[in-house]
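Take a look at the structure below.
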Amino acid sequence: MIPFVAVIPARFGSTRLPGKPLREISGHPMIWHVYQRALESEASRVLVATDDGRIAQAVEAFGGEVVLTDPMHPTGTDRLAEVVDHMALPPEALVVNVQGDEPLLPASAINQVAQVLADVGSADIATLCEPIVDPRDIADPHQVKVVVSASGRALYFSRAAIPGGLDQARSSHFRHIGLYAYRARFLRDYARWMPTQLEQTERLEQLRALEHDRHIQVAVSAHQIPPGVDTEADLERVRVILGDVRV
């Protein structure tokens, strides 16, 4: 396995679940659980990138490594670019972005996305997807869809039902899993680009890379990826799964 760094962007502000990284699950803040999943991977180093002192303090309290970043970053990818410079990583270093609201993320998925990028030398980014099983998810704007080429290269990401067509039953639809591996040189390029039209229209930061003709390699996840935490109901579901039963 090629060495890689796992970075967990975490921000305090969340429209649907304020203070999400610090919400308690089984006696620990959510960010602790995500950090443990990353430690279980083959990452050579794990750190949290945040613009909030409360999150930084919580990470330091459990012995984690944290980097305080500029609060003005528009996306998590821009935040990662600052971390790459902070760490002075060489251009070909691999960085995996582990979302801070994924306490159930399998470590194997982190390893897989890093390996996909390592195996495809022409790729700037690697990410994962999985088949959509529930037909209702095809039209759900909260479920991001991806269409790929025969070689696995991303053609487009959308909140809309893609591929379209009159006979949806005959089409294969894939849900994009928001787990990314990047080359450090790409992150430095990304941070210099202004947000693009498609990125802003779809509210999908990976479209900035496609609009600059960059190569995103997509692989089907080898393991089922549990949903992350976006709402209070999601948080309660994760608590039950992890044995945090509250009366």
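Letters for chains follow the order of the structure tokens (A, B, ...), residue numbers begin at 1 for each chain, and ligand numbers begin at 1 in the order shown.
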Neighbours of Val67 (chain A) within 8 Å (only C-alpha atoms; same-chain residues fewer than 4 positions away dropped), as a JSON list (two decimals) with N, CA and C atoms, in the first residue's frame?
[["chain", "number", "residue", "atom", "x", "y", "z"],
["A", 47, "LEU", "N", -4.95, 13.63, 10.61],
["A", 47, "LEU", "CA", -5.14, 14.90, 11.28],
["A", 47, "LEU", "C", -6.48, 15.51, 10.93],
["A", 48, "VAL", "N", -6.94, 16.40, 11.79],
["A", 48, "VAL", "CA", -8.19, 17.12, 11.60],
["A", 48, "VAL", "C", -7.86, 18.54, 11.15],
["A", 49, "ALA", "N", -8.60, 19.03, 10.15],
["A", 49, "ALA", "CA", -8.46, 20.41, 9.69],
["A", 49, "ALA", "C", -9.73, 21.16, 10.04],
["A", 50, "THR", "N", -9.62, 22.17, 10.89],
["A", 50, "THR", "CA", -10.81, 22.90, 11.33],
["A", 50, "THR", "C", -10.51, 24.38, 11.46],
["A", 56, "ALA", "N", -10.84, 22.10, 17.67],
["A", 56, "ALA", "CA", -9.40, 21.88, 17.86],
["A", 56, "ALA", "C", -9.11, 21.43, 19.28],
["A", 83, "VAL", "N", -3.85, 22.65, 4.24],
["A", 83, "VAL", "CA", -3.15, 21.63, 5.03],
["A", 83, "VAL", "C", -1.95, 21.09, 4.27]]
For this session: Would you return as an NGL selection string the members of region 23-228 of chain A that DSSP assigns to alpha helix (DSSP H) on this structure's backbone?
Result: :A and (30-39 or 53-61 or 76-87 or 107-119 or 184-192 or 197-202 or 207-211)
For this session: Rounded to one decimal place, report the CA of Lys20 (chain A)-CA of Asp51 (chain A) distance in Å.
Result: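 Distance reported for this atom pair: 13.8 Å.
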Please provide the set of residues having any atom within 10 Å of Arg79 (chain A), restricted to only C-alpha atoms, with same-chain residues fewer than 2 positions apart removed, written as a short mmCIF file (atom, residue, chain, number, x, y, z; two decimals) with N, CA, C and O atoms, in the first residue's frame.
data_model
loop_
_atom_site.label_atom_id
_atom_site.label_comp_id
_atom_site.auth_asym_id
_atom_site.auth_seq_id
_atom_site.Cartn_x
_atom_site.Cartn_y
_atom_site.Cartn_z
N VAL A 7 -6.88 13.30 6.04
CA VAL A 7 -7.24 14.60 6.62
C VAL A 7 -8.76 14.65 6.78
O VAL A 7 -9.50 14.31 5.87
N ILE A 8 -9.19 15.09 7.96
CA ILE A 8 -10.62 15.15 8.28
C ILE A 8 -11.03 16.62 8.41
O ILE A 8 -10.80 17.24 9.45
N PRO A 9 -11.62 17.22 7.37
CA PRO A 9 -12.13 18.59 7.52
C PRO A 9 -13.34 18.59 8.46
O PRO A 9 -14.22 17.73 8.35
N ALA A 10 -13.38 19.53 9.37
CA ALA A 10 -14.49 19.58 10.34
C ALA A 10 -14.81 21.04 10.65
O ALA A 10 -13.92 21.81 11.02
N ALA A 49 -8.60 19.03 10.15
CA ALA A 49 -8.46 20.41 9.69
C ALA A 49 -9.73 21.16 10.04
O ALA A 49 -10.81 20.80 9.57
N THR A 50 -9.62 22.17 10.89
CA THR A 50 -10.81 22.90 11.33
C THR A 50 -10.51 24.38 11.46
O THR A 50 -9.35 24.78 11.61
N ASP A 51 -11.57 25.18 11.39
CA ASP A 51 -11.42 26.62 11.62
C ASP A 51 -12.00 27.03 12.97
O ASP A 51 -12.14 28.21 13.26
N LEU A 68 -5.36 24.28 12.55
CA LEU A 68 -6.34 25.35 12.43
C LEU A 68 -6.18 26.03 11.08
O LEU A 68 -5.08 26.43 10.69
N THR A 69 -7.28 26.15 10.35
CA THR A 69 -7.24 26.68 8.99
C THR A 69 -8.10 27.93 8.88
O THR A 69 -8.92 28.24 9.75
N ASP A 70 -7.95 28.61 7.75
CA ASP A 70 -8.66 29.86 7.48
C ASP A 70 -10.17 29.62 7.46
O ASP A 70 -10.65 28.73 6.75
N PRO A 71 -10.94 30.41 8.20
CA PRO A 71 -12.40 30.21 8.22
C PRO A 71 -13.10 30.61 6.93
O PRO A 71 -14.29 30.32 6.75
N MET A 72 -12.39 31.24 6.00
CA MET A 72 -13.01 31.74 4.78
C MET A 72 -13.00 30.73 3.64
O MET A 72 -13.47 31.03 2.55
N HIS A 73 -12.47 29.54 3.84
CA HIS A 73 -12.46 28.55 2.76
C HIS A 73 -13.89 28.20 2.34
O HIS A 73 -14.72 27.85 3.18
N PRO A 74 -14.18 28.27 1.02
CA PRO A 74 -15.55 27.96 0.57
C PRO A 74 -15.89 26.48 0.59
O PRO A 74 -17.06 26.12 0.66
N THR A 75 -14.88 25.60 0.51
CA THR A 75 -15.14 24.16 0.47
C THR A 75 -14.11 23.41 1.32
O THR A 75 -13.05 23.94 1.65
N GLY A 76 -14.43 22.15 1.60
CA GLY A 76 -13.48 21.30 2.31
C GLY A 76 -12.22 21.04 1.51
O GLY A 76 -11.13 20.88 2.06
N THR A 77 -12.36 21.01 0.18
CA THR A 77 -11.19 20.79 -0.68
C THR A 77 -10.22 21.96 -0.57
O THR A 77 -9.00 21.76 -0.51
N ALA A 81 -6.22 22.03 0.80
CA ALA A 81 -5.08 22.64 0.11
C ALA A 81 -4.21 23.41 1.10
O ALA A 81 -2.97 23.39 1.00
N GLU A 82 -4.82 24.08 2.06
CA GLU A 82 -4.05 24.79 3.08
C GLU A 82 -3.25 23.80 3.93
O GLU A 82 -2.09 24.06 4.29
N VAL A 83 -3.85 22.65 4.24
CA VAL A 83 -3.15 21.63 5.03
C VAL A 83 -1.95 21.09 4.27
O VAL A 83 -0.88 20.87 4.85
N VAL A 84 -2.11 20.89 2.97
CA VAL A 84 -1.00 20.40 2.14
C VAL A 84 0.18 21.36 2.22
O VAL A 84 1.34 20.93 2.34
N LEU A 187 -4.33 19.64 -5.37
CA LEU A 187 -4.96 20.49 -4.35
C LEU A 187 -4.43 21.91 -4.42
O LEU A 187 -5.19 22.88 -4.24
N ALA A 191 -6.96 25.21 -5.32
CA ALA A 191 -7.13 26.38 -4.45
C ALA A 191 -6.93 27.69 -5.19
O ALA A 191 -7.39 28.74 -4.73
#
Problem set entry | Two-atom distance - CA of Val147 (chain A), CA of Thr127 (chain A) (Å) |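 Computing it gives 12.4 Å between the two atoms.
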Rows by chain and residue number, region 23-61 of chain A within 9 Å of region 99-121 of chain A, shortest pair, only C-alpha atoms, as a tab-separated table:
residue	atom	partner	partner_atom	distance
A:Met30	CA	A:Pro103	CA	6.5
A:Ile31	CA	A:Gly100	CA	6.1
A:Trp32	CA	A:Pro103	CA	8.3
A:His33	CA	A:Pro103	CA	5.1
A:Val34	CA	A:Pro103	CA	4.5
A:Tyr35	CA	A:Pro103	CA	8.2
A:Gln36	CA	A:Pro103	CA	8.5
A:Arg37	CA	A:Ala107	CA	5.5
A:Ala38	CA	A:Ala107	CA	6.2
A:Leu39	CA	A:Ala107	CA	8.0
A:Glu40	CA	A:Ala107	CA	5.7
A:Ser41	CA	A:Ala107	CA	4.6
A:Glu42	CA	A:Asn111	CA	6.3
A:Ala43	CA	A:Asn111	CA	7.7
A:Val48	CA	A:Gly100	CA	8.5
Exercise. If you measure from CA of Phe174 (chain A) to CA of Ala219 (chain A), what distance in Å do you get, rounded to one decimal?
Worked result: 10.6 Å
For this session: Tell me which protein, DNA and RNA residues are within 8 Å of region 200-204 of chain A, counting only C-alpha atoms, leaving out same-chain ones fewer than 3 positions away, and put them as a ChimeraX atom specification.
Result: /A:157-159,195-197,207
Go ahead and write the selection's residues with all heavy atoms as an mmCIF file, in the first residue's frame.
data_model
loop_
_atom_site.group_PDB
_atom_site.id
_atom_site.type_symbol
_atom_site.label_atom_id
_atom_site.label_comp_id
_atom_site.auth_asym_id
_atom_site.auth_seq_id
_atom_site.Cartn_x
_atom_site.Cartn_y
_atom_site.Cartn_z
ATOM 1 N N PHE A 157 -21.115 14.638 -12.432
ATOM 2 C CA PHE A 157 -21.804 14.423 -11.164
ATOM 3 C C PHE A 157 -23.013 15.346 -11.136
ATOM 4 O O PHE A 157 -22.947 16.476 -11.613
ATOM 5 C CB PHE A 157 -20.901 14.790 -9.974
ATOM 6 C CG PHE A 157 -19.638 13.983 -9.856
ATOM 7 C CD1 PHE A 157 -18.507 14.321 -10.590
ATOM 8 C CD2 PHE A 157 -19.560 12.895 -8.989
ATOM 9 C CE1 PHE A 157 -17.327 13.599 -10.469
ATOM 10 C CE2 PHE A 157 -18.394 12.169 -8.857
ATOM 11 C CZ PHE A 157 -17.272 12.517 -9.601
ATOM 12 N N SER A 158 -24.108 14.878 -10.561
ATOM 13 C CA SER A 158 -25.302 15.726 -10.517
ATOM 14 C C SER A 158 -26.219 15.303 -9.384
ATOM 15 O O SER A 158 -26.236 14.140 -8.960
ATOM 16 C CB SER A 158 -26.058 15.655 -11.843
ATOM 17 O OG SER A 158 -27.207 16.496 -11.806
ATOM 18 N N ARG A 159 -27.014 16.280 -8.928
ATOM 19 C CA ARG A 159 -28.091 15.975 -7.995
ATOM 20 C C ARG A 159 -29.341 15.510 -8.734
ATOM 21 O O ARG A 159 -30.270 14.994 -8.132
ATOM 22 C CB ARG A 159 -28.407 17.209 -7.149
ATOM 23 C CG ARG A 159 -27.230 17.652 -6.281
ATOM 24 C CD ARG A 159 -27.582 18.834 -5.402
ATOM 25 N NE ARG A 159 -26.420 19.259 -4.642
ATOM 26 C CZ ARG A 159 -25.991 18.689 -3.525
ATOM 27 N NH1 ARG A 159 -26.658 17.667 -3.020
ATOM 28 N NH2 ARG A 159 -24.917 19.141 -2.895
ATOM 29 N N PRO A 195 -14.442 29.378 -7.875
ATOM 30 C CA PRO A 195 -15.575 28.478 -8.060
ATOM 31 C C PRO A 195 -16.168 28.631 -9.456
ATOM 32 O O PRO A 195 -16.248 29.742 -9.982
ATOM 33 C CB PRO A 195 -16.559 28.925 -6.971
ATOM 34 C CG PRO A 195 -15.684 29.496 -5.905
ATOM 35 C CD PRO A 195 -14.552 30.169 -6.632
ATOM 36 N N THR A 196 -16.566 27.529 -10.060
ATOM 37 C CA THR A 196 -17.019 27.543 -11.448
ATOM 38 C C THR A 196 -18.549 27.513 -11.530
ATOM 39 O O THR A 196 -19.244 27.274 -10.549
ATOM 40 C CB THR A 196 -16.450 26.321 -12.196
ATOM 41 O OG1 THR A 196 -16.825 25.134 -11.485
ATOM 42 C CG2 THR A 196 -14.938 26.398 -12.283
ATOM 43 N N GLN A 197 -19.054 27.735 -12.751
ATOM 44 C CA GLN A 197 -20.492 27.835 -12.939
ATOM 45 C C GLN A 197 -21.218 26.542 -12.575
ATOM 46 O O GLN A 197 -22.206 26.552 -11.841
ATOM 47 C CB GLN A 197 -20.806 28.216 -14.385
ATOM 48 C CG GLN A 197 -22.293 28.403 -14.642
ATOM 49 C CD GLN A 197 -22.594 28.857 -16.052
ATOM 50 O OE1 GLN A 197 -21.688 29.139 -16.825
ATOM 51 N NE2 GLN A 197 -23.862 28.936 -16.398
ATOM 52 N N LEU A 207 -17.036 19.359 -9.323
ATOM 53 C CA LEU A 207 -17.242 19.821 -10.692
ATOM 54 C C LEU A 207 -16.234 20.891 -11.085
ATOM 55 O O LEU A 207 -15.966 21.088 -12.269
ATOM 56 C CB LEU A 207 -18.672 20.343 -10.870
ATOM 57 C CG LEU A 207 -19.762 19.271 -10.804
ATOM 58 C CD1 LEU A 207 -21.141 19.905 -10.913
ATOM 59 C CD2 LEU A 207 -19.575 18.228 -11.901
#
For this session: Using DSSP on the backbone coordinates, identify all residues within region 156-217 of chain A classified as strand (DSSP E); present the result as a list in words.
Result: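 Residues meeting the strand (DSSP E) criterion: Tyr156, Phe157, Ser158, Phe174, Arg175, His176, Ile177, Gly178, Leu179, Tyr180, Ala181, Tyr182, Arg183, Ile216 and Gln217 of chain A.
Comparing the minimum interatomic distances between Leu17 (chain A) and each of A:Ala233, A:Ile177, A:Val98, A:Val218, counting only C-alpha atoms, we find that A:Ala233 sits nearest.
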